[in-house]
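Here is the file target39.pdb (PDB, C-alpha atoms, pLDDT in the B column).
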```pdb
ATOM      1  CA  MET Y1209      -6.946  39.257 -32.563  1.00 35.00           C
ATOM      2  CA  TYR Y1210      -8.151  35.663 -32.398  1.00 37.00           C
ATOM      3  CA  SER Y1211      -5.472  33.184 -31.503  1.00 40.00           C
ATOM      4  CA  GLN Y1212      -6.121  29.448 -31.244  1.00 51.00           C
ATOM      5  CA  LYS Y1213      -3.740  26.589 -30.694  1.00 56.00           C
ATOM      6  CA  TYR Y1214      -4.232  23.759 -33.145  1.00 52.00           C
ATOM      7  CA  GLN Y1215      -2.584  20.574 -34.288  1.00 56.00           C
ATOM      8  CA  LYS Y1216      -2.122  19.736 -37.954  1.00 55.00           C
ATOM      9  CA  TYR Y1217      -1.635  16.243 -39.342  1.00 55.00           C
ATOM     10  CA  SER Y1218      -1.319  14.836 -42.845  1.00 54.00           C
ATOM     11  CA  TYR Y1219      -3.243  11.809 -43.975  1.00 54.00           C
ATOM     12  CA  ASP Y1220      -2.904  10.424 -47.497  1.00 56.00           C
ATOM     13  CA  ASP Y1221      -4.128  13.317 -49.671  1.00 62.00           C
ATOM     14  CA  SER Y1222      -5.721  15.390 -46.888  1.00 70.00           C
ATOM     15  CA  LYS Y1223      -4.777  17.449 -43.914  1.00 80.00           C
ATOM     16  CA  ILE Y1224      -6.416  16.972 -40.527  1.00 86.00           C
ATOM     17  CA  ILE Y1225      -6.591  19.985 -38.271  1.00 90.00           C
ATOM     18  CA  TYR Y1226      -7.625  19.523 -34.650  1.00 92.00           C
ATOM     19  CA  ILE Y1227      -8.488  22.398 -32.314  1.00 94.00           C
ATOM     20  CA  PRO Y1228      -8.286  20.911 -28.803  1.00 93.00           C
ATOM     21  CA  ASP Y1229      -9.861  23.846 -26.938  1.00 93.00           C
ATOM     22  CA  GLU Y1230     -12.957  23.642 -29.147  1.00 94.00           C
ATOM     23  CA  LYS Y1231     -12.913  19.842 -29.561  1.00 96.00           C
ATOM     24  CA  VAL Y1232     -13.324  20.381 -33.306  1.00 96.00           C
ATOM     25  CA  ILE Y1233     -11.570  18.416 -36.010  1.00 95.00           C
ATOM     26  CA  PHE Y1234     -11.394  19.373 -39.676  1.00 92.00           C
ATOM     27  CA  LEU Y1235     -11.107  16.166 -41.692  1.00 91.00           C
ATOM     28  CA  GLY Y1236     -11.200  17.603 -45.185  1.00 86.00           C
ATOM     29  CA  ASP Y1237     -11.507  14.761 -47.682  1.00 86.00           C
ATOM     30  CA  CYS Y1238      -9.649  12.084 -45.713  1.00 85.00           C
ATOM     31  CA  ALA Y1239     -12.867  10.207 -44.836  1.00 85.00           C
ATOM     32  CA  TYR Y1240     -13.846   9.918 -48.492  1.00 87.00           C
ATOM     33  CA  GLY Y1241     -12.793   7.565 -51.214  1.00 88.00           C
ATOM     34  CA  THR Y1242     -10.847   8.376 -54.323  1.00 89.00           C
ATOM     35  CA  THR Y1243     -11.087   7.707 -58.046  1.00 90.00           C
ATOM     36  CA  THR Y1244      -8.657   5.534 -59.969  1.00 91.00           C
ATOM     37  CA  ASN Y1245      -9.149   4.542 -63.608  1.00 89.00           C
ATOM     38  CA  SER Y1246     -12.653   6.054 -63.489  1.00 91.00           C
ATOM     39  CA  LEU Y1247     -13.645   3.828 -60.539  1.00 93.00           C
ATOM     40  CA  PHE Y1248     -14.633   5.415 -57.238  1.00 93.00           C
ATOM     41  CA  HIS Y1249     -13.216   3.356 -54.388  1.00 92.00           C
ATOM     42  CA  TYR Y1250     -12.161   3.355 -50.784  1.00 90.00           C
ATOM     43  CA  LYS Y1251      -8.662   2.100 -50.084  1.00 87.00           C
ATOM     44  CA  GLN Y1252      -9.752  -0.819 -47.941  1.00 85.00           C
ATOM     45  CA  SER Y1253      -6.282  -1.406 -46.486  1.00 86.00           C
ATOM     46  CA  LEU Y1254      -6.122   2.146 -45.105  1.00 85.00           C
ATOM     47  CA  LEU Y1255      -9.622   2.342 -43.609  1.00 85.00           C
ATOM     48  CA  SER Y1256      -9.124   0.851 -40.153  1.00 88.00           C
ATOM     49  CA  PRO Y1257      -5.837   2.656 -39.388  1.00 88.00           C
ATOM     50  CA  MET Y1258      -7.366   5.977 -40.527  1.00 87.00           C
ATOM     51  CA  ILE Y1259     -10.452   5.577 -38.337  1.00 91.00           C
ATOM     52  CA  LYS Y1260      -8.339   4.568 -35.318  1.00 90.00           C
ATOM     53  CA  ASP Y1261      -6.081   7.601 -35.816  1.00 89.00           C
ATOM     54  CA  ILE Y1262      -9.025   9.989 -36.025  1.00 91.00           C
ATOM     55  CA  GLN Y1263     -10.787   8.454 -33.017  1.00 92.00           C
ATOM     56  CA  LYS Y1264      -7.725   9.180 -30.850  1.00 92.00           C
ATOM     57  CA  PHE Y1265      -8.679  12.855 -30.871  1.00 93.00           C
ATOM     58  CA  ASP Y1266     -11.030  14.125 -28.177  1.00 95.00           C
ATOM     59  CA  ALA Y1267     -13.318  15.678 -30.783  1.00 96.00           C
ATOM     60  CA  GLU Y1268     -17.018  16.406 -30.452  1.00 97.00           C
ATOM     61  CA  MET Y1269     -17.569  18.131 -33.793  1.00 97.00           C
ATOM     62  CA  PHE Y1270     -16.312  16.944 -37.172  1.00 96.00           C
ATOM     63  CA  LEU Y1271     -16.061  18.976 -40.358  1.00 94.00           C
ATOM     64  CA  LEU Y1272     -15.750  16.953 -43.536  1.00 90.00           C
ATOM     65  CA  GLY Y1273     -15.129  18.382 -46.958  1.00 84.00           C
ATOM     66  CA  HIS Y1274     -18.572  17.631 -48.402  1.00 82.00           C
ATOM     67  CA  GLU Y1275     -20.933  17.254 -45.427  1.00 79.00           C
ATOM     68  CA  SER Y1276     -22.592  19.430 -42.869  1.00 81.00           C
ATOM     69  CA  ILE Y1277     -20.991  19.586 -39.430  1.00 92.00           C
ATOM     70  CA  CYS Y1278     -21.271  16.193 -37.745  1.00 94.00           C
ATOM     71  CA  ASP Y1279     -21.384  15.474 -34.049  1.00 97.00           C
ATOM     72  CA  LEU Y1280     -19.663  12.483 -32.451  1.00 97.00           C
ATOM     73  CA  ASN Y1281     -22.730  10.249 -32.788  1.00 97.00           C
ATOM     74  CA  GLU Y1282     -23.094  11.016 -36.510  1.00 96.00           C
ATOM     75  CA  MET Y1283     -19.403  10.297 -37.117  1.00 95.00           C
ATOM     76  CA  ASN Y1284     -19.629   7.025 -35.204  1.00 96.00           C
ATOM     77  CA  ILE Y1285     -22.534   5.972 -37.452  1.00 96.00           C
ATOM     78  CA  TYR Y1286     -20.481   6.953 -40.523  1.00 94.00           C
ATOM     79  CA  TRP Y1287     -17.472   4.940 -39.298  1.00 95.00           C
ATOM     80  CA  GLU Y1288     -19.707   1.967 -38.443  1.00 97.00           C
ATOM     81  CA  GLU Y1289     -21.318   1.942 -41.891  1.00 97.00           C
ATOM     82  CA  LEU Y1290     -17.906   2.172 -43.564  1.00 95.00           C
ATOM     83  CA  THR Y1291     -16.427  -0.562 -41.395  1.00 96.00           C
ATOM     84  CA  THR Y1292     -19.405  -2.892 -41.736  1.00 96.00           C
ATOM     85  CA  ALA Y1293     -19.351  -2.490 -45.513  1.00 97.00           C
ATOM     86  CA  SER Y1294     -15.604  -3.075 -45.671  1.00 96.00           C
ATOM     87  CA  GLN Y1295     -15.764  -6.279 -43.648  1.00 96.00           C
ATOM     88  CA  VAL Y1296     -18.057  -8.070 -46.115  1.00 97.00           C
ATOM     89  CA  VAL Y1297     -16.091  -7.281 -49.272  1.00 97.00           C
ATOM     90  CA  LYS Y1298     -13.528  -9.940 -49.991  1.00 95.00           C
ATOM     91  CA  SER Y1299     -13.574 -10.077 -53.788  1.00 96.00           C
ATOM     92  CA  THR Y1300     -14.629  -8.296 -56.960  1.00 97.00           C
ATOM     93  CA  SER Y1301     -18.196  -9.640 -56.651  1.00 97.00           C
ATOM     94  CA  LEU Y1302     -20.820  -7.100 -55.608  1.00 97.00           C
ATOM     95  CA  GLU Y1303     -23.443  -9.846 -55.331  1.00 97.00           C
ATOM     96  CA  ASN Y1304     -21.273 -11.915 -52.963  1.00 98.00           C
ATOM     97  CA  ALA Y1305     -20.558  -8.855 -50.819  1.00 98.00           C
ATOM     98  CA  ILE Y1306     -24.248  -7.963 -50.494  1.00 98.00           C
ATOM     99  CA  GLU Y1307     -25.168 -11.567 -49.660  1.00 98.00           C
ATOM    100  CA  SER Y1308     -22.373 -11.661 -47.081  1.00 98.00           C
ATOM    101  CA  PHE Y1309     -23.644  -8.395 -45.589  1.00 98.00           C
ATOM    102  CA  LYS Y1310     -27.170  -9.822 -45.277  1.00 98.00           C
ATOM    103  CA  ALA Y1311     -25.910 -13.036 -43.680  1.00 98.00           C
ATOM    104  CA  GLU Y1312     -23.620 -11.301 -41.187  1.00 97.00           C
ATOM    105  CA  ASN Y1313     -25.959  -8.449 -40.227  1.00 97.00           C
ATOM    106  CA  LYS Y1314     -29.365 -10.165 -40.545  1.00 98.00           C
ATOM    107  CA  ARG Y1315     -30.680  -7.252 -42.616  1.00 98.00           C
ATOM    108  CA  ASP Y1316     -30.354  -5.587 -45.986  1.00 98.00           C
ATOM    109  CA  PRO Y1317     -27.687  -2.886 -46.302  1.00 98.00           C
ATOM    110  CA  ASN Y1318     -28.956   0.692 -46.233  1.00 98.00           C
ATOM    111  CA  ASP Y1319     -28.218   3.116 -49.092  1.00 97.00           C
ATOM    112  CA  ASN Y1320     -24.970   4.342 -47.526  1.00 96.00           C
ATOM    113  CA  GLU Y1321     -23.753   0.806 -46.939  1.00 98.00           C
ATOM    114  CA  ILE Y1322     -24.558  -0.212 -50.529  1.00 98.00           C
ATOM    115  CA  PHE Y1323     -22.572   2.798 -51.768  1.00 97.00           C
ATOM    116  CA  PHE Y1324     -19.633   1.825 -49.553  1.00 97.00           C
ATOM    117  CA  ILE Y1325     -19.836  -1.859 -50.533  1.00 98.00           C
ATOM    118  CA  LYS Y1326     -19.652  -0.880 -54.210  1.00 97.00           C
ATOM    119  CA  ALA Y1327     -16.648   1.334 -53.473  1.00 96.00           C
ATOM    120  CA  PHE Y1328     -14.827  -1.500 -51.663  1.00 96.00           C
ATOM    121  CA  VAL Y1329     -15.631  -3.921 -54.497  1.00 97.00           C
ATOM    122  CA  ASN Y1330     -14.130  -1.346 -56.869  1.00 97.00           C
ATOM    123  CA  ASP Y1331     -11.012  -1.295 -54.697  1.00 95.00           C
ATOM    124  CA  HIS Y1332     -10.691  -5.065 -55.164  1.00 95.00           C
ATOM    125  CA  ILE Y1333     -11.136  -4.603 -58.921  1.00 96.00           C
ATOM    126  CA  ILE Y1334      -8.364  -2.000 -58.983  1.00 94.00           C
ATOM    127  CA  GLN Y1335      -6.070  -4.163 -56.824  1.00 92.00           C
ATOM    128  CA  SER Y1336      -6.611  -7.132 -59.166  1.00 93.00           C
ATOM    129  CA  GLN Y1337      -5.507  -5.194 -62.264  1.00 89.00           C
TER     130      GLN Y1337
END
```
Let me see the structure of the file written as structure tokens.
Amino acid sequence: MYSQKYQKYSYDDSKIIYIPDEKVIFLGDCAYGTTTNSLFHYKQSLLSPMIKDIQKFDAEMFLLGHESICDLNEMNIYWEELTTASQVVKSTSLENAIESFKAENKRDPNDNEIFFIKAFVNDHIIQSQ
């Protein structure tokens, strides 16, 4: 019989399960956005606390609900893209957010960052309603 100690945590609409002996964390859908009024968005106000909470775990492998298994480097890239996108969105203007991204990062956003920027703009739209 296989027996493994694990820790289980709740985050928003997902459960996080961490297996310390394996340094594996199951994130489910907590790292993804949500849909409200037909708009896909990331809850900008919850992003930083969520990432900080997850990074407290001594995990080397990450299992997300809709991705292949990610190693620590891949997750750090994911968090960086999310964070960088979030930092430039301050209004409901996609154009302003993209221009701000270009000015702050001295480059165009990649496809992931554009997706995230749109999602954070949508969050501002939802918050303004």
Step by step, gather every atom of segment 1256-1260 of chain Y that the file lists, find the box along x, y and z that holds them, add 6 Å on each side, and finally give centre and edge lengths in Å to one decimal, as lines of an AutoDock Vina configuration file.
```
center_x = -8.1
center_y = 3.4
center_z = -37.9
size_x = 16.6
size_y = 17.1
size_z = 17.2
```
Discussion item. Can you spell out as an NGL selection string the set of residues that the PyMOL selection byres ((chain Y and resi 1316-1323) around 12) selects in the structure I just provided?
Written reply: :Y and (1240-1241 or 1248-1250 or 1285-1297 or 1302-1303 or 1305-1315 or 1324-1330)
Any chance you can output those residues with C-alpha atoms as an mmCIF file, keeping the file's coordinate frame?
```
data_model
loop_
_atom_site.group_PDB
_atom_site.id
_atom_site.type_symbol
_atom_site.label_atom_id
_atom_site.label_comp_id
_atom_site.auth_asym_id
_atom_site.auth_seq_id
_atom_site.Cartn_x
_atom_site.Cartn_y
_atom_site.Cartn_z
ATOM 1 C CA TYR Y 1240 -13.846 9.918 -48.492
ATOM 2 C CA GLY Y 1241 -12.793 7.565 -51.214
ATOM 3 C CA PHE Y 1248 -14.633 5.415 -57.238
ATOM 4 C CA HIS Y 1249 -13.216 3.356 -54.388
ATOM 5 C CA TYR Y 1250 -12.161 3.355 -50.784
ATOM 6 C CA ILE Y 1285 -22.534 5.972 -37.452
ATOM 7 C CA TYR Y 1286 -20.481 6.953 -40.523
ATOM 8 C CA TRP Y 1287 -17.472 4.940 -39.298
ATOM 9 C CA GLU Y 1288 -19.707 1.967 -38.443
ATOM 10 C CA GLU Y 1289 -21.318 1.942 -41.891
ATOM 11 C CA LEU Y 1290 -17.906 2.172 -43.564
ATOM 12 C CA THR Y 1291 -16.427 -0.562 -41.395
ATOM 13 C CA THR Y 1292 -19.405 -2.892 -41.736
ATOM 14 C CA ALA Y 1293 -19.351 -2.490 -45.513
ATOM 15 C CA SER Y 1294 -15.604 -3.075 -45.671
ATOM 16 C CA GLN Y 1295 -15.764 -6.279 -43.648
ATOM 17 C CA VAL Y 1296 -18.057 -8.070 -46.115
ATOM 18 C CA VAL Y 1297 -16.091 -7.281 -49.272
ATOM 19 C CA LEU Y 1302 -20.820 -7.100 -55.608
ATOM 20 C CA GLU Y 1303 -23.443 -9.846 -55.331
ATOM 21 C CA ALA Y 1305 -20.558 -8.855 -50.819
ATOM 22 C CA ILE Y 1306 -24.248 -7.963 -50.494
ATOM 23 C CA GLU Y 1307 -25.168 -11.567 -49.660
ATOM 24 C CA SER Y 1308 -22.373 -11.661 -47.081
ATOM 25 C CA PHE Y 1309 -23.644 -8.395 -45.589
ATOM 26 C CA LYS Y 1310 -27.170 -9.822 -45.277
ATOM 27 C CA ALA Y 1311 -25.910 -13.036 -43.680
ATOM 28 C CA GLU Y 1312 -23.620 -11.301 -41.187
ATOM 29 C CA ASN Y 1313 -25.959 -8.449 -40.227
ATOM 30 C CA LYS Y 1314 -29.365 -10.165 -40.545
ATOM 31 C CA ARG Y 1315 -30.680 -7.252 -42.616
ATOM 32 C CA PHE Y 1324 -19.633 1.825 -49.553
ATOM 33 C CA ILE Y 1325 -19.836 -1.859 -50.533
ATOM 34 C CA LYS Y 1326 -19.652 -0.880 -54.210
ATOM 35 C CA ALA Y 1327 -16.648 1.334 -53.473
ATOM 36 C CA PHE Y 1328 -14.827 -1.500 -51.663
ATOM 37 C CA VAL Y 1329 -15.631 -3.921 -54.497
ATOM 38 C CA ASN Y 1330 -14.130 -1.346 -56.869
#
```
Item to complete: Quote the spacing between atom CA of Lys1223 of chain Y and atom CA of Asp1261 of chain Y in Å to one decimal place.
Response: 12.8 Å
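Atom CA of Ile1227 of chain Y sits 9.7 Å away from atom CA of Phe1265 of chain Y.
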Worksheet, complete the sentence: Expressed in Å, the length from atom CA of Thr1242 of chain Y to atom CA of Gly1273 of chain Y is 13.1 Å
Item to complete: Give as a ChimeraX atom specification every residue, naming chains and numbers as the document does, that has an atom within 8 Å of (-14.2, 18.1, -37.3), counting all atoms listed in the file.
Response: /Y:1225-1226,1232-1235,1267-1272,1277-1278
Discussion item. Going by the chain IDs and residue numbers used in this file, which residues fall under the PyMOL selection byres ((chain Y and resi 1334) around 9)? Write them as a ChimeraX atom specification.
Written reply: /Y:1244-1245,1247,1249,1329-1333,1335-1337
Worksheet entry | Selection: 9 Å around Ser1222 of chain Y, all atoms listed in the file, excl. self and same-chain fewer than 6 positions, as a PyMOL selection string | chain Y and resi 1235-1238
